[in-house]
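Structure below is target-v8.cif: mmCIF, C-alpha atoms and all ligand atoms.
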```cif
data_input
#
loop_
_atom_site.label_atom_id
_atom_site.label_comp_id
_atom_site.auth_asym_id
_atom_site.auth_seq_id
_atom_site.Cartn_x
_atom_site.Cartn_y
_atom_site.Cartn_z
CA MET M 1 -10.96 -8.51 -28.88
CA TYR M 2 -9.96 -4.97 -29.78
CA ARG M 3 -8.53 -3.80 -33.05
CA ALA M 4 -5.25 -1.91 -32.55
CA VAL M 5 -3.66 0.53 -34.95
CA ASN M 6 -1.81 -1.52 -37.56
CA GLU M 7 0.95 -0.89 -40.08
CA ILE M 8 -1.50 -0.14 -42.85
CA ASP M 9 -3.28 2.51 -40.75
CA MET M 10 0.07 4.23 -40.36
CA GLY M 11 0.29 4.77 -44.11
CA THR M 12 3.44 6.54 -45.22
CA ASP M 13 4.19 7.81 -41.69
CA LEU M 14 5.75 4.47 -40.79
CA GLU M 15 9.22 3.76 -42.12
CA LYS M 16 9.59 0.28 -40.68
CA VAL M 17 8.53 -1.99 -37.85
CA LEU M 18 11.51 -2.69 -35.62
CA VAL M 19 9.89 -4.94 -33.03
CA SER M 20 6.53 -6.54 -33.78
CA LYS M 21 3.59 -6.89 -31.41
CA GLU M 22 4.14 -10.67 -31.38
CA ASP M 23 7.84 -10.33 -30.56
CA ILE M 24 7.08 -7.90 -27.73
CA GLU M 25 4.46 -10.24 -26.27
CA ALA M 26 6.75 -13.26 -26.47
CA LYS M 27 9.67 -11.38 -24.92
CA LEU M 28 7.60 -10.06 -22.02
CA VAL M 29 6.39 -13.60 -21.27
CA GLU M 30 10.04 -14.72 -21.18
CA LEU M 31 11.11 -11.84 -18.93
CA ALA M 32 8.11 -12.38 -16.63
CA ALA M 33 9.10 -16.04 -16.17
CA GLU M 34 12.63 -14.97 -15.19
CA ILE M 35 11.28 -12.39 -12.78
CA ASP M 36 8.86 -14.91 -11.25
CA ARG M 37 11.75 -17.29 -10.71
CA ASP M 38 14.18 -14.70 -9.35
CA TYR M 39 11.72 -13.18 -6.88
CA ALA M 40 10.01 -16.40 -5.79
CA GLY M 41 8.95 -16.13 -2.15
CA ARG M 42 9.68 -12.40 -1.99
CA ASP M 43 7.38 -9.39 -2.18
CA LEU M 44 8.16 -7.41 -5.30
CA LEU M 45 7.34 -3.78 -6.03
CA ILE M 46 7.51 -2.85 -9.69
CA VAL M 47 8.02 0.83 -10.41
CA GLY M 48 6.99 2.20 -13.80
CA VAL M 49 8.52 5.40 -15.15
CA LEU M 50 5.79 7.52 -16.75
CA LYS M 51 4.72 7.89 -19.39
CA GLY M 52 6.63 5.57 -21.67
CA ALA M 53 6.58 2.53 -19.42
CA VAL M 54 2.79 2.29 -19.19
CA MET M 55 2.48 -0.42 -21.86
CA VAL M 56 5.42 -2.49 -20.60
CA MET M 57 4.14 -2.29 -17.02
CA ALA M 58 0.63 -3.35 -18.03
CA ASP M 59 1.72 -6.30 -20.15
CA LEU M 60 4.64 -7.43 -18.00
CA ALA M 61 2.55 -7.31 -14.82
CA ARG M 62 -0.16 -9.43 -16.43
CA ALA M 63 2.42 -11.97 -17.58
CA LEU M 64 3.69 -12.48 -14.02
CA SER M 65 2.27 -15.41 -12.11
CA SER M 66 3.06 -13.98 -8.67
CA ASN M 67 1.38 -11.05 -6.97
CA VAL M 68 3.28 -7.79 -7.13
CA THR M 69 2.55 -4.24 -6.10
CA MET M 70 2.85 -1.43 -8.61
CA ASP M 71 3.89 2.18 -8.19
CA TRP M 72 4.77 5.00 -10.58
CA MET M 73 7.22 7.83 -10.92
CA ALA M 74 7.20 10.69 -13.36
CA VAL M 75 10.49 12.42 -14.01
CA SER M 76 11.61 15.09 -16.37
CA SER M 77 14.97 16.34 -17.50
CA TYR M 78 15.83 19.80 -16.34
CA GLY M 79 16.90 22.56 -18.66
CA ALA M 80 16.71 23.64 -22.23
CA GLY M 81 14.84 20.77 -23.81
CA THR M 82 17.86 18.52 -23.73
CA LYS M 83 16.16 15.40 -22.57
CA SER M 84 19.37 13.55 -21.87
CA SER M 85 21.01 16.18 -19.68
CA GLY M 86 21.10 13.79 -16.76
CA VAL M 87 19.70 16.43 -14.44
CA VAL M 88 16.31 15.15 -13.54
CA ARG M 89 13.45 16.48 -11.48
CA ILE M 90 10.64 14.48 -9.98
CA LEU M 91 7.20 15.37 -11.31
CA LYS M 92 5.49 12.59 -9.38
CA ASP M 93 7.20 10.65 -6.64
CA LEU M 94 6.40 7.14 -5.46
CA ASP M 95 3.41 6.72 -3.15
CA THR M 96 5.30 3.91 -1.43
CA ASP M 97 8.15 3.91 1.09
CA ILE M 98 10.61 1.50 -0.52
CA ALA M 99 12.91 1.02 2.49
CA GLY M 100 13.47 -2.71 2.90
CA ARG M 101 11.49 -3.55 -0.25
CA HIS M 102 12.56 -5.48 -3.34
CA VAL M 103 12.18 -2.94 -6.14
CA LEU M 104 12.26 -3.47 -9.89
CA ILE M 105 12.30 -0.35 -12.07
CA VAL M 106 10.45 -0.92 -15.35
CA GLU M 107 11.39 1.20 -18.36
CA ASP M 108 10.37 1.27 -21.99
CA ILE M 109 13.77 2.35 -23.27
CA ILE M 110 17.29 3.11 -22.15
CA ASP M 111 18.79 5.63 -24.53
CA SER M 112 21.72 7.56 -23.06
CA GLY M 113 21.05 5.87 -19.72
CA LEU M 114 21.16 9.19 -17.88
CA THR M 115 17.55 9.13 -16.65
CA LEU M 116 17.95 5.66 -15.24
CA SER M 117 21.33 6.36 -13.76
CA TRP M 118 19.82 9.24 -11.80
CA LEU M 119 16.81 7.15 -10.83
CA ILE M 120 18.94 4.28 -9.57
CA SER M 121 20.95 6.55 -7.32
CA ASN M 122 17.81 8.36 -6.12
CA LEU M 123 15.86 5.19 -5.31
CA GLY M 124 19.01 3.45 -4.08
CA SER M 125 19.44 6.10 -1.40
CA ARG M 126 16.03 5.20 0.06
CA GLY M 127 17.31 1.87 1.40
CA PRO M 128 15.52 -0.77 -0.70
CA ALA M 129 16.36 -4.42 0.04
CA SER M 130 17.24 -4.75 -3.64
CA LEU M 131 16.99 -2.56 -6.72
CA GLU M 132 17.06 -3.89 -10.27
CA VAL M 133 16.08 -2.71 -13.73
CA CYS M 134 13.91 -4.19 -16.47
CA THR M 135 13.74 -2.47 -19.84
CA LEU M 136 12.00 -3.50 -23.02
CA LEU M 137 14.46 -1.66 -25.28
CA ARG M 138 18.05 -0.57 -25.04
CA LYS M 139 20.25 1.36 -27.47
CA PRO M 140 23.80 0.19 -26.74
CA GLU M 141 25.31 2.68 -29.20
CA ALA M 142 23.68 5.65 -27.47
CA ALA M 143 24.89 4.82 -23.95
CA LYS M 144 26.61 7.70 -22.17
CA VAL M 145 26.73 5.82 -18.92
CA GLU M 146 26.90 2.10 -18.21
CA ILE M 147 23.97 0.69 -16.31
CA ASP M 148 23.62 -2.73 -14.83
CA VAL M 149 20.35 -3.94 -16.34
CA LYS M 150 19.09 -7.27 -15.08
CA TYR M 151 16.29 -7.78 -17.62
CA THR M 152 16.56 -6.51 -21.19
CA GLY M 153 14.04 -7.17 -23.95
CA PHE M 154 15.74 -6.02 -27.15
CA ASP M 155 18.92 -4.19 -28.09
CA ILE M 156 18.05 -1.87 -30.95
CA PRO M 157 20.05 0.42 -33.27
CA ASN M 158 20.52 4.08 -32.42
CA GLU M 159 17.41 5.28 -34.28
CA PHE M 160 14.46 7.34 -33.09
CA VAL M 161 11.69 4.88 -32.32
CA VAL M 162 8.01 5.23 -31.49
CA GLY M 163 5.20 2.97 -30.38
CA TYR M 164 4.38 0.77 -27.43
CA GLY M 165 4.61 3.72 -25.03
CA LEU M 166 7.20 5.73 -26.94
CA ASP M 167 6.13 8.98 -28.52
CA TYR M 168 7.01 11.60 -31.04
CA ALA M 169 5.41 14.88 -29.88
CA GLU M 170 3.08 12.79 -27.67
CA LYS M 171 1.80 10.76 -30.64
CA TYR M 172 2.17 7.08 -31.49
CA ARG M 173 2.32 5.83 -27.89
CA ASN M 174 -0.63 3.53 -28.54
CA LEU M 175 0.94 1.59 -31.40
CA PRO M 176 1.18 -2.10 -30.41
CA PHE M 177 4.60 -2.38 -32.09
CA VAL M 178 7.86 -0.39 -32.06
CA GLY M 179 8.91 1.25 -35.29
CA THR M 180 10.63 4.16 -36.96
CA LEU M 181 8.92 7.09 -38.65
CA ALA M 182 9.42 8.35 -42.17
CA PRO M 183 11.49 11.58 -42.38
CA HIS M 184 8.50 13.62 -43.61
CA VAL M 185 6.81 13.16 -40.21
CA TYR M 186 9.59 15.21 -38.64
CA GLY M 187 9.27 17.78 -41.36
CA GLY M 188 12.25 16.35 -43.21
C1 LIG I 201 12.18 8.32 -22.20
C2 LIG I 201 12.18 6.91 -21.63
C3 LIG I 201 13.20 6.97 -20.55
C4 LIG I 201 14.18 8.02 -21.05
C5 LIG I 201 15.38 7.32 -21.62
O1 LIG I 201 11.33 9.12 -21.46
O2 LIG I 201 10.92 6.53 -21.14
O3 LIG I 201 12.66 7.35 -19.31
O4 LIG I 201 13.53 8.75 -22.09
O5 LIG I 201 16.31 8.26 -22.09
P1 LIG I 201 17.80 8.36 -21.53
O6 LIG I 201 18.30 6.94 -21.36
O7 LIG I 201 18.53 9.09 -22.62
O8 LIG I 201 17.80 9.12 -20.26
P2 LIG I 201 10.89 10.60 -21.90
O9 LIG I 201 11.77 11.60 -21.24
O10 LIG I 201 10.79 10.66 -23.40
O11 LIG I 201 9.44 10.75 -21.24
P3 LIG I 201 8.10 9.89 -21.51
O12 LIG I 201 8.36 8.50 -20.96
O13 LIG I 201 7.04 10.61 -20.73
O14 LIG I 201 7.84 9.87 -23.00
#
```

Let me see the file written as structure tokens.
Ligand code: PRP
Amino acid sequence: MYRAVNEIDMGTDLEKVLVSKEDIEAKLVELAAEIDRDYAGRDLLIVGVLKGAVMVMADLARALSSNVTMDWMAVSSYGAGTKSSGVVRILKDLDTDIAGRHVLIVEDIIDSGLTLSWLISNLGSRGPASLEVCTLLRKPEAAKVEIDVKYTGFDIPNEFVVGYGLDYAEKYRNLPFVGTLAPHVYGG
């Protein structure tokens, strides 16, 4: 067994743990059981959105008891560093033609919802048999656009969170839990 970064290793950088490793694991097992049931007898393609969704994809996929195929997209918001502009460009497209396929987009977090809204309309135009969304985290208070999300792990407050795929300046993605950082980390 490996030894992951823990709360003590984080020292004063960590403000609080919002979702523990155990709660994430339990929730993904629950969501995987729902997905297994809903897609029984159908071929499912799960699409992870890089880089944040790497952890969710890895753990969710291993909690599924049916075979799935996996593909990845990398997208980036256009423009002057405003990540939630809603104008998105594709850095890496799918390797797979999704026409006629059952597709489940897997995200780490839905913040404003703009990235996903764009992604749903982009992938939707490719003629999938079905297109649904699974996200580990969602910030209802930050939503700028309503998205129909079939599988949600946790609704969280509108705070900046890191860990389990989520970064601050590319750090903290490898934390096994989701938490908030102390203000001094941001130079506050
Ligand atoms: C994060 C996250 C979502 C998006 C959500 O990705 O993984 O894709 O932001 O934000 P929104 O709902 O406001 O559009 P980010 O752009 O930080 O890239 P990363 O996954 O590579 O860290």

- Message: Restricting the calculation to only C-alpha atoms: of M:Glu141, M:Asp23, M:Asp93, M:Asp59, which residue gets closest to Ser112 (chain M)?
- Response: M:Glu141

- Environment of ligand LIG 201 (chain I) within 8 Å, counting all atoms listed in the file, reported as number ranges by chain: M: 49-53, 74-77, 83-86, 107-117, 142-143, 165-167, 170

- Task: Kindly extract all protein, DNA and RNA residues lying within 12 Å of the coordinates (0.4, -11.0, -14.2) given in the file, considering only C-alpha atoms, and supply them as a list in words.
- Result: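 Final list of nearby residues, as requested, is Leu28, Val29, Leu31, Ala32, Ala33, Ile35, Asp36, Ile46, Val56, Met57, Ala58, Asp59, Leu60, Ala61, Arg62, Ala63, Leu64, Ser65, Ser66, Asn67, Val68, Thr69 and Met70 of chain M.
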
- Among M:Leu18, M:Lys92, M:Arg173, M:Met73, Asn158 (chain M) is approached most closely, using only C-alpha atoms, by M:Leu18

- Message: Between CA of Val161 (chain M) and CA of Val17 (chain M), what is the distance in Å, rounded to a tenth?
- Response: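 Result for CA of Val161 (chain M) versus CA of Val17 (chain M): 9.4 Å, one decimal.
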
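Using all atoms listed in the file, the smallest distance between any of M:Ala99, M:Leu91, M:Met10, M:Leu131 and Val47 (chain M) comes from M:Leu131.
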
- Between CA of Pro128 (chain M) and CA of Arg37 (chain M), distance in Å (one decimal): 19.7 Å

- Message: List the spatial neighbours of Gly163 (chain M) as a ChimeraX atom specification - criterion: any atom at most 7 Å away, only C-alpha atoms, same-chain residues fewer than 4 positions off excluded.
- Response: /M:167,172-179

- Item | Point-to-point distance from CA of Gly127 (chain M) to CA of Met55 (chain M), Å rounded to tenths |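 Taking CA of Gly127 (chain M) as the start and CA of Met55 (chain M) as the end point, the length is 27.7 Å.
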
- Task: May I ask which of the residues M:Leu45, M:Ile147, M:Ile120, M:Val54 is the closest one to Gly100 (chain M), counting all atoms listed in the file?
- Result: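 Closest candidate: M:Leu45.
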
- Message: Could you list, as a list in words, every residue within 6 Å of Val133 (chain M), counting only C-alpha atoms and ignoring same-chain residues fewer than 5 positions away?
- Response: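 That gives Leu104, Ile105, Val149 and Lys150 of chain M.
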
- Task: Find, counting all atoms listed in the file, the residue in M:Asp13, M:Asp155, M:Asp71, M:Asp148 that gets nearest to Thr96 (chain M).
- Result: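 Under the stated criterion, the closest residue is M:Asp71.
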
Give me, as a tab-separated table (two decimals) with C-alpha atoms, in the coordinates of the input, all polymer residues having an atom no more than 9 Å from Arg42 (chain M), counting all atoms listed in the file and skipping those fewer than 3 positions away in the same chain.
```tsv
chain	number	residue	atom	x	y	z
M	38	ASP	CA	14.18	-14.70	-9.35
M	39	TYR	CA	11.72	-13.18	-6.88
M	102	HIS	CA	12.56	-5.48	-3.34
```
